[in-house]
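Comments concern the structure below.
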Amino acid sequence: MPWKGIKDPYRIWLSEVILQQTRVEQGLKYYENFIHNFPTVRDLAAADEKKVFKLWEGLGYYSRCKNLIHTARKISTELNSRFPDSYAAILQLKGIGPYTAAAIASFAFNLPHAVIDGNVFRVLARVFGIREAIDTTAGKKIITALAEQLLDKKEPGTYNQAIMDFGATVCRPANPDCADCPFQNHCVAFREDIVALLPVKTKKIAVRTRYFYFFLPIYRATVPVRERLSKDIWQHLYEFPLIEKAAETPAAEIIRAAVRKGWLRQDTLTEISPVYTQKLSHQLIRSVFIACRPAAKPAGFENYRWEKITALKTLPFPRTITQHLDNF
DNA sequence: AAGACGGGGGC
DNA sequence: GCCCCAGTCTT
C-alpha cells in the first residue's frame, strides 16, 4: 500500500478516510488519484468542490467527501496548513472519529492510541473468546478496554498496523487461516471451535426498495440536471429530473405525471431504458431512464440547469446514473 | 441506542 | 441473497 510507512498526516488522513467502510482494493485507485490531483492539504483546500466530488464519484458515503473538503479548508485557513498533532485535536475535525483519529495519531505522531476497527473487533473477539455482541455498548466497551490494554505504547503505529494486517490476511471474516495462525495456541475461539461464530453481531438492517424514474429530455444536445441537496442518499451528486414512486409503476403512468409537470408533451416519443438496480446497504434502488427529444424546450424544469451532454463527464453522478450514461 | 449513509466483492 | 468492509454523523 502506497501510504505504508508514510508519516505525512495529510496522506494518512486521506487514506484512512477513503478506507472507511471500503476495501483496500477499491480505495487504492482513489487514493492515488487524489494524491496526484491534490499533493498537499493546501491543494485540496483550494480545489473546486465539484472536482473533488468527481474524484470521489463511485466510492460511496459522500459525506466523507464533504467533510474532507471542510476539514482541508479548516486546516488550510485556520491552522496554517499544519495538521493537529494531538489525539483530542485530531478527533475534533469533521469526518474524523475515534478510529481515524487513533490511526493518524499513531501513524503520523507515534502517539499511544489503539485503533479499533472491524479487524480489531474480530481479532480480539476471537482470540479472547468474547461472546458479547460487538455491536452493543457492552461489547464495544470490552473490546475497547482490551485494545487499549494490549497496545504497544512504545510502537503504537507498528502495533496498530500489525493487528489490522493480521485481521485482514489471517484472521479473516470468512475462512480464516487458523492452520497457520501464530495465535492458535492462545486463541479461545480456536480452542473452543467457535471461530466461525465470532464476532457476534445482533443488529440487522431493513432494506427498503425505491423506484426512481429519471427523465432525459435532450434538447440541442443539452439535458436538465441538478445537484441533490435534500437529506437523502447521494447528497451533492447530480441527477436528472426524477419522479420517485413507492412501487413499480408503468411507464405510461410516469409519463402522464411528467406531462402534468410540463416536463414533456403527451405526444413526445420516448425511449424507456431497462431497469437498473443499485443495491445500497440499506436501500434497493430500481431506476428507469426515460429519454426523449422534444422539438421545443420544455418549460417545467425551473430547478434544473441545462447542461451540455459532453459536459456531463465533469459532474459527479451516482453509480446507477453513470452506468446508464455509459450505455447511452 | 438506533438509523442513515454507497458501493463492491466474497461465498 | 447475505455479510463484510482500515466508520462517522445525526437523531
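Quick note on naming: the chains in the C-alpha cells go A, B, ... in the order shown, residues restart at 1 in each chain, and ligands are numbered from 1 in order of appearance.
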DSSP strand (DSSP E) residues within region 103-308 of chain A, as a PDB file with N, CA, C and O atoms, in the first residue's frame:
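Result file follows (part-v2.pdb):
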```
ATOM      1  N   ARG A 208     -35.168  -1.067   2.256  1.00  0.00           N
ATOM      2  CA  ARG A 208     -36.396  -0.654   1.580  1.00  0.00           C
ATOM      3  C   ARG A 208     -36.122  -0.460   0.096  1.00  0.00           C
ATOM      4  O   ARG A 208     -35.015  -0.074  -0.299  1.00  0.00           O
ATOM      5  N   THR A 209     -37.125  -0.712  -0.699  1.00  0.00           N
ATOM      6  CA  THR A 209     -36.982  -0.574  -2.151  1.00  0.00           C
ATOM      7  C   THR A 209     -37.580   0.747  -2.599  1.00  0.00           C
ATOM      8  O   THR A 209     -38.664   1.121  -2.152  1.00  0.00           O
ATOM      9  N   ARG A 210     -36.852   1.444  -3.453  1.00  0.00           N
ATOM     10  CA  ARG A 210     -37.341   2.713  -4.002  1.00  0.00           C
ATOM     11  C   ARG A 210     -37.331   2.616  -5.518  1.00  0.00           C
ATOM     12  O   ARG A 210     -36.496   1.930  -6.097  1.00  0.00           O
ATOM     13  N   TYR A 211     -38.259   3.324  -6.142  1.00  0.00           N
ATOM     14  CA  TYR A 211     -38.419   3.258  -7.593  1.00  0.00           C
ATOM     15  C   TYR A 211     -38.191   4.636  -8.187  1.00  0.00           C
ATOM     16  O   TYR A 211     -38.980   5.548  -7.941  1.00  0.00           O
ATOM     17  N   PHE A 212     -37.100   4.768  -8.915  1.00  0.00           N
ATOM     18  CA  PHE A 212     -36.716   6.062  -9.492  1.00  0.00           C
ATOM     19  C   PHE A 212     -36.983   6.054 -10.990  1.00  0.00           C
ATOM     20  O   PHE A 212     -36.597   5.124 -11.696  1.00  0.00           O
ATOM     21  N   TYR A 213     -37.640   7.118 -11.458  1.00  0.00           N
ATOM     22  CA  TYR A 213     -37.855   7.292 -12.890  1.00  0.00           C
ATOM     23  C   TYR A 213     -37.211   8.608 -13.310  1.00  0.00           C
ATOM     24  O   TYR A 213     -37.701   9.682 -12.961  1.00  0.00           O
ATOM     25  N   PHE A 214     -36.087   8.497 -14.005  1.00  0.00           N
ATOM     26  CA  PHE A 214     -35.335   9.681 -14.424  1.00  0.00           C
ATOM     27  C   PHE A 214     -35.733  10.074 -15.845  1.00  0.00           C
ATOM     28  O   PHE A 214     -35.928   9.205 -16.704  1.00  0.00           O
ATOM     29  N   PHE A 215     -35.822  11.376 -16.084  1.00  0.00           N
ATOM     30  CA  PHE A 215     -36.143  11.879 -17.424  1.00  0.00           C
ATOM     31  C   PHE A 215     -34.917  12.498 -18.076  1.00  0.00           C
ATOM     32  O   PHE A 215     -34.224  13.306 -17.455  1.00  0.00           O
ATOM     33  N   LEU A 216     -34.675  12.111 -19.310  1.00  0.00           N
ATOM     34  CA  LEU A 216     -33.579  12.707 -20.072  1.00  0.00           C
ATOM     35  C   LEU A 216     -34.117  13.353 -21.344  1.00  0.00           C
ATOM     36  O   LEU A 216     -34.009  12.794 -22.434  1.00  0.00           O
ATOM     37  N   PRO A 217     -34.712  14.542 -21.214  1.00  0.00           N
ATOM     38  CA  PRO A 217     -35.124  15.263 -22.411  1.00  0.00           C
ATOM     39  C   PRO A 217     -33.898  15.903 -23.038  1.00  0.00           C
ATOM     40  O   PRO A 217     -33.214  16.709 -22.402  1.00  0.00           O
ATOM     41  N   THR A 222     -28.412  19.252 -24.944  1.00  0.00           N
ATOM     42  CA  THR A 222     -28.312  19.522 -23.509  1.00  0.00           C
ATOM     43  C   THR A 222     -29.402  18.751 -22.775  1.00  0.00           C
ATOM     44  O   THR A 222     -30.421  18.382 -23.358  1.00  0.00           O
ATOM     45  N   VAL A 223     -29.176  18.523 -21.495  1.00  0.00           N
ATOM     46  CA  VAL A 223     -30.168  17.865 -20.649  1.00  0.00           C
ATOM     47  C   VAL A 223     -30.244  18.602 -19.316  1.00  0.00           C
ATOM     48  O   VAL A 223     -29.258  19.199 -18.881  1.00  0.00           O
ATOM     49  N   PRO A 224     -31.414  18.567 -18.661  1.00  0.00           N
ATOM     50  CA  PRO A 224     -31.515  19.240 -17.356  1.00  0.00           C
ATOM     51  C   PRO A 224     -30.891  18.390 -16.254  1.00  0.00           C
ATOM     52  O   PRO A 224     -31.118  17.169 -16.187  1.00  0.00           O
ATOM     53  N   VAL A 225     -30.120  19.036 -15.395  1.00  0.00           N
ATOM     54  CA  VAL A 225     -29.513  18.356 -14.242  1.00  0.00           C
ATOM     55  C   VAL A 225     -29.639  19.253 -13.024  1.00  0.00           C
ATOM     56  O   VAL A 225     -29.827  20.474 -13.145  1.00  0.00           O
ATOM     57  N   ARG A 226     -29.523  18.642 -11.869  1.00  0.00           N
ATOM     58  CA  ARG A 226     -29.421  19.428 -10.640  1.00  0.00           C
ATOM     59  C   ARG A 226     -28.675  18.639  -9.584  1.00  0.00           C
ATOM     60  O   ARG A 226     -28.572  17.420  -9.655  1.00  0.00           O
ATOM     61  N   GLU A 227     -28.165  19.405  -8.612  1.00  0.00           N
ATOM     62  CA  GLU A 227     -27.444  18.784  -7.509  1.00  0.00           C
ATOM     63  C   GLU A 227     -28.450  18.287  -6.486  1.00  0.00           C
ATOM     64  O   GLU A 227     -29.420  18.989  -6.172  1.00  0.00           O
ATOM     65  N   TYR A 238     -25.122  14.709  -8.683  1.00  0.00           N
ATOM     66  CA  TYR A 238     -26.090  15.289  -9.613  1.00  0.00           C
ATOM     67  C   TYR A 238     -27.090  14.233 -10.081  1.00  0.00           C
ATOM     68  O   TYR A 238     -26.857  13.025  -9.941  1.00  0.00           O
ATOM     69  N   GLU A 239     -28.207  14.723 -10.615  1.00  0.00           N
ATOM     70  CA  GLU A 239     -29.231  13.807 -11.098  1.00  0.00           C
ATOM     71  C   GLU A 239     -30.022  14.494 -12.202  1.00  0.00           C
ATOM     72  O   GLU A 239     -29.951  15.700 -12.387  1.00  0.00           O
ATOM     73  N   LEU A 242     -36.427  13.776 -11.743  1.00  0.00           N
ATOM     74  CA  LEU A 242     -36.741  12.477 -11.137  1.00  0.00           C
ATOM     75  C   LEU A 242     -38.165  12.441 -10.619  1.00  0.00           C
ATOM     76  O   LEU A 242     -38.625  13.367  -9.950  1.00  0.00           O
ATOM     77  N   ILE A 243     -38.847  11.362 -10.935  1.00  0.00           N
ATOM     78  CA  ILE A 243     -40.117  11.060 -10.280  1.00  0.00           C
ATOM     79  C   ILE A 243     -39.901   9.792  -9.488  1.00  0.00           C
ATOM     80  O   ILE A 243     -39.506   8.765 -10.051  1.00  0.00           O
ATOM     81  N   GLU A 244     -40.132   9.882  -8.177  1.00  0.00           N
ATOM     82  CA  GLU A 244     -39.967   8.688  -7.346  1.00  0.00           C
ATOM     83  C   GLU A 244     -41.329   8.123  -6.997  1.00  0.00           C
ATOM     84  O   GLU A 244     -42.255   8.862  -6.676  1.00  0.00           O
ATOM     85  N   LYS A 245     -41.422   6.794  -7.031  1.00  0.00           N
ATOM     86  CA  LYS A 245     -42.665   6.125  -6.664  1.00  0.00           C
ATOM     87  C   LYS A 245     -42.381   5.110  -5.562  1.00  0.00           C
ATOM     88  O   LYS A 245     -41.269   4.602  -5.438  1.00  0.00           O
ATOM     89  N   THR A 270     -40.837   8.602 -26.632  1.00  0.00           N
ATOM     90  CA  THR A 270     -39.910   8.344 -25.532  1.00  0.00           C
ATOM     91  C   THR A 270     -39.219   6.995 -25.720  1.00  0.00           C
ATOM     92  O   THR A 270     -39.734   6.106 -26.385  1.00  0.00           O
ATOM     93  N   GLU A 271     -38.064   6.914 -25.109  1.00  0.00           N
ATOM     94  CA  GLU A 271     -37.306   5.659 -25.124  1.00  0.00           C
ATOM     95  C   GLU A 271     -37.110   5.222 -23.674  1.00  0.00           C
ATOM     96  O   GLU A 271     -36.491   5.938 -22.874  1.00  0.00           O
ATOM     97  N   ILE A 272     -37.651   4.045 -23.344  1.00  0.00           N
ATOM     98  CA  ILE A 272     -37.616   3.579 -21.952  1.00  0.00           C
ATOM     99  C   ILE A 272     -36.458   2.604 -21.779  1.00  0.00           C
ATOM    100  O   ILE A 272     -36.364   1.608 -22.500  1.00  0.00           O
ATOM    101  N   TYR A 276     -32.441  -0.512 -13.977  1.00  0.00           N
ATOM    102  CA  TYR A 276     -31.129  -0.644 -13.347  1.00  0.00           C
ATOM    103  C   TYR A 276     -31.360  -0.835 -11.853  1.00  0.00           C
ATOM    104  O   TYR A 276     -32.105  -0.068 -11.242  1.00  0.00           O
ATOM    105  N   THR A 277     -30.728  -1.815 -11.272  1.00  0.00           N
ATOM    106  CA  THR A 277     -30.854  -1.962  -9.819  1.00  0.00           C
ATOM    107  C   THR A 277     -29.533  -1.615  -9.163  1.00  0.00           C
ATOM    108  O   THR A 277     -28.467  -2.006  -9.629  1.00  0.00           O
ATOM    109  N   GLN A 278     -29.627  -0.852  -8.095  1.00  0.00           N
ATOM    110  CA  GLN A 278     -28.450  -0.451  -7.331  1.00  0.00           C
ATOM    111  C   GLN A 278     -28.697  -0.839  -5.887  1.00  0.00           C
ATOM    112  O   GLN A 278     -29.648  -0.364  -5.277  1.00  0.00           O
ATOM    113  N   LYS A 279     -27.868  -1.706  -5.370  1.00  0.00           N
ATOM    114  CA  LYS A 279     -28.068  -2.200  -4.020  1.00  0.00           C
ATOM    115  C   LYS A 279     -27.201  -1.416  -3.058  1.00  0.00           C
ATOM    116  O   LYS A 279     -25.969  -1.474  -3.139  1.00  0.00           O
ATOM    117  N   GLN A 283     -30.860   0.328   1.182  1.00  0.00           N
ATOM    118  CA  GLN A 283     -31.907   0.596   0.204  1.00  0.00           C
ATOM    119  C   GLN A 283     -31.615  -0.184  -1.075  1.00  0.00           C
ATOM    120  O   GLN A 283     -30.463  -0.434  -1.407  1.00  0.00           O
ATOM    121  N   LEU A 284     -32.680  -0.556  -1.755  1.00  0.00           N
ATOM    122  CA  LEU A 284     -32.567  -1.129  -3.089  1.00  0.00           C
ATOM    123  C   LEU A 284     -33.204  -0.150  -4.061  1.00  0.00           C
ATOM    124  O   LEU A 284     -34.394   0.151  -3.950  1.00  0.00           O
ATOM    125  N   ILE A 285     -32.397   0.385  -4.964  1.00  0.00           N
ATOM    126  CA  ILE A 285     -32.886   1.405  -5.880  1.00  0.00           C
ATOM    127  C   ILE A 285     -33.121   0.768  -7.246  1.00  0.00           C
ATOM    128  O   ILE A 285     -32.217   0.169  -7.821  1.00  0.00           O
ATOM    129  N   ARG A 286     -34.342   0.900  -7.734  1.00  0.00           N
ATOM    130  CA  ARG A 286     -34.664   0.417  -9.088  1.00  0.00           C
ATOM    131  C   ARG A 286     -34.934   1.628  -9.964  1.00  0.00           C
ATOM    132  O   ARG A 286     -35.908   2.348  -9.756  1.00  0.00           O
ATOM    133  N   SER A 287     -34.051   1.853 -10.920  1.00  0.00           N
ATOM    134  CA  SER A 287     -34.105   3.072 -11.729  1.00  0.00           C
ATOM    135  C   SER A 287     -34.451   2.766 -13.179  1.00  0.00           C
ATOM    136  O   SER A 287     -33.953   1.792 -13.748  1.00  0.00           O
ATOM    137  N   VAL A 288     -35.296   3.624 -13.745  1.00  0.00           N
ATOM    138  CA  VAL A 288     -35.614   3.573 -15.171  1.00  0.00           C
ATOM    139  C   VAL A 288     -35.329   4.950 -15.754  1.00  0.00           C
ATOM    140  O   VAL A 288     -35.609   5.971 -15.112  1.00  0.00           O
ATOM    141  N   PHE A 289     -34.739   4.977 -16.935  1.00  0.00           N
ATOM    142  CA  PHE A 289     -34.426   6.244 -17.594  1.00  0.00           C
ATOM    143  C   PHE A 289     -35.337   6.410 -18.809  1.00  0.00           C
ATOM    144  O   PHE A 289     -35.446   5.509 -19.640  1.00  0.00           O
ATOM    145  N   ILE A 290     -35.997   7.552 -18.871  1.00  0.00           N
ATOM    146  CA  ILE A 290     -36.930   7.833 -19.958  1.00  0.00           C
ATOM    147  C   ILE A 290     -36.369   8.985 -20.781  1.00  0.00           C
ATOM    148  O   ILE A 290     -36.342  10.130 -20.325  1.00  0.00           O
ATOM    149  N   ALA A 291     -35.889   8.644 -21.950  1.00  0.00           N
ATOM    150  CA  ALA A 291     -35.260   9.652 -22.813  1.00  0.00           C
ATOM    151  C   ALA A 291     -36.242  10.113 -23.880  1.00  0.00           C
ATOM    152  O   ALA A 291     -37.125   9.358 -24.300  1.00  0.00           O
ATOM    153  N   CYS A 292     -36.094  11.361 -24.299  1.00  0.00           N
ATOM    154  CA  CYS A 292     -36.903  11.866 -25.406  1.00  0.00           C
ATOM    155  C   CYS A 292     -36.182  13.053 -26.041  1.00  0.00           C
ATOM    156  O   CYS A 292     -35.210  13.575 -25.499  1.00  0.00           O
ATOM    157  N   ARG A 305     -30.676  22.989 -14.379  1.00  0.00           N
ATOM    158  CA  ARG A 305     -29.948  23.761 -15.382  1.00  0.00           C
ATOM    159  C   ARG A 305     -29.639  22.846 -16.556  1.00  0.00           C
ATOM    160  O   ARG A 305     -29.408  21.645 -16.387  1.00  0.00           O
ATOM    161  N   TRP A 306     -29.684  23.422 -17.751  1.00  0.00           N
ATOM    162  CA  TRP A 306     -29.447  22.627 -18.954  1.00  0.00           C
ATOM    163  C   TRP A 306     -27.956  22.506 -19.182  1.00  0.00           C
ATOM    164  O   TRP A 306     -27.272  23.501 -19.371  1.00  0.00           O
ATOM    165  N   GLU A 307     -27.490  21.301 -19.158  1.00  0.00           N
ATOM    166  CA  GLU A 307     -26.047  21.046 -19.270  1.00  0.00           C
ATOM    167  C   GLU A 307     -25.768  20.323 -20.583  1.00  0.00           C
ATOM    168  O   GLU A 307     -26.511  19.425 -20.977  1.00  0.00           O
ATOM    169  N   LYS A 308     -24.684  20.716 -21.233  1.00  0.00           N
ATOM    170  CA  LYS A 308     -24.279  20.016 -22.449  1.00  0.00           C
ATOM    171  C   LYS A 308     -23.975  18.556 -22.125  1.00  0.00           C
ATOM    172  O   LYS A 308     -23.325  18.259 -21.123  1.00  0.00           O
TER     173      LYS A 308
END
```
Can you pull out the residues contacting DA6 (chain C)? Cut-off 8 Å, using only C-alpha atoms (C1' of nucleotides), and skip same-chain residues under 4 positions away; I want them as a compact mmCIF listing (two decimals) with N, CA and C atoms, in the first residue's frame.
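See part-v1.txt below for the written result:
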```txt
# COMPACT_ATOMS: atom_id res chain seq x y z
N GLU A 16 -7.00 7.02 5.25
CA GLU A 16 -7.89 6.44 6.25
C GLU A 16 -9.34 6.80 5.98
N LEU A 19 -10.58 4.74 3.21
CA LEU A 19 -10.74 3.32 3.56
C LEU A 19 -11.84 3.06 4.58
N GLN A 20 -12.52 4.12 5.04
CA GLN A 20 -13.62 3.89 5.96
C GLN A 20 -14.70 3.07 5.27
N GLN A 21 -14.98 1.91 5.79
CA GLN A 21 -16.01 1.02 5.22
C GLN A 21 -15.74 0.69 3.76
N THR A 22 -14.48 0.68 3.40
CA THR A 22 -14.12 0.49 1.99
C THR A 22 -12.91 -0.44 1.91
N ASP A 117 -11.08 -0.99 14.75
CA ASP A 117 -11.86 -1.08 13.51
C ASP A 117 -12.44 -2.50 13.41
N GLY A 118 -13.00 -2.80 12.27
CA GLY A 118 -13.60 -4.12 12.08
C GLY A 118 -12.63 -5.26 12.31
N ASN A 119 -11.37 -5.06 11.88
CA ASN A 119 -10.37 -6.10 12.09
C ASN A 119 -10.12 -6.33 13.57
N MET A 164 -4.18 -4.85 12.39
CA MET A 164 -5.12 -4.71 11.27
C MET A 164 -4.70 -5.60 10.10
```
Neighbours of chain A in chain C at 7 Å, counting only C-alpha atoms (C1' of nucleotides), as a PyMOL selection string: chain C and resi 5-8
Closest atom pairs, residues of chain B within 8 Å of chain A, only C-alpha atoms (C1' of nucleotides), as a tab-separated table:
```
residue	atom	partner	partner_atom	distance
B:DC5	C1'	A:Tyr61	CA	5.6
B:DG6	C1'	A:Gly60	CA	3.6
B:DG7	C1'	A:Gly60	CA	5.8
B:DG8	C1'	A:Gln26	CA	7.5
```
message: Between CA of Thr169 (chain A) and CA of Lys204 (chain A), what is the distance in Å, rounded to a tenth?
response: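 Distance reported for this atom pair: 25.9 Å.
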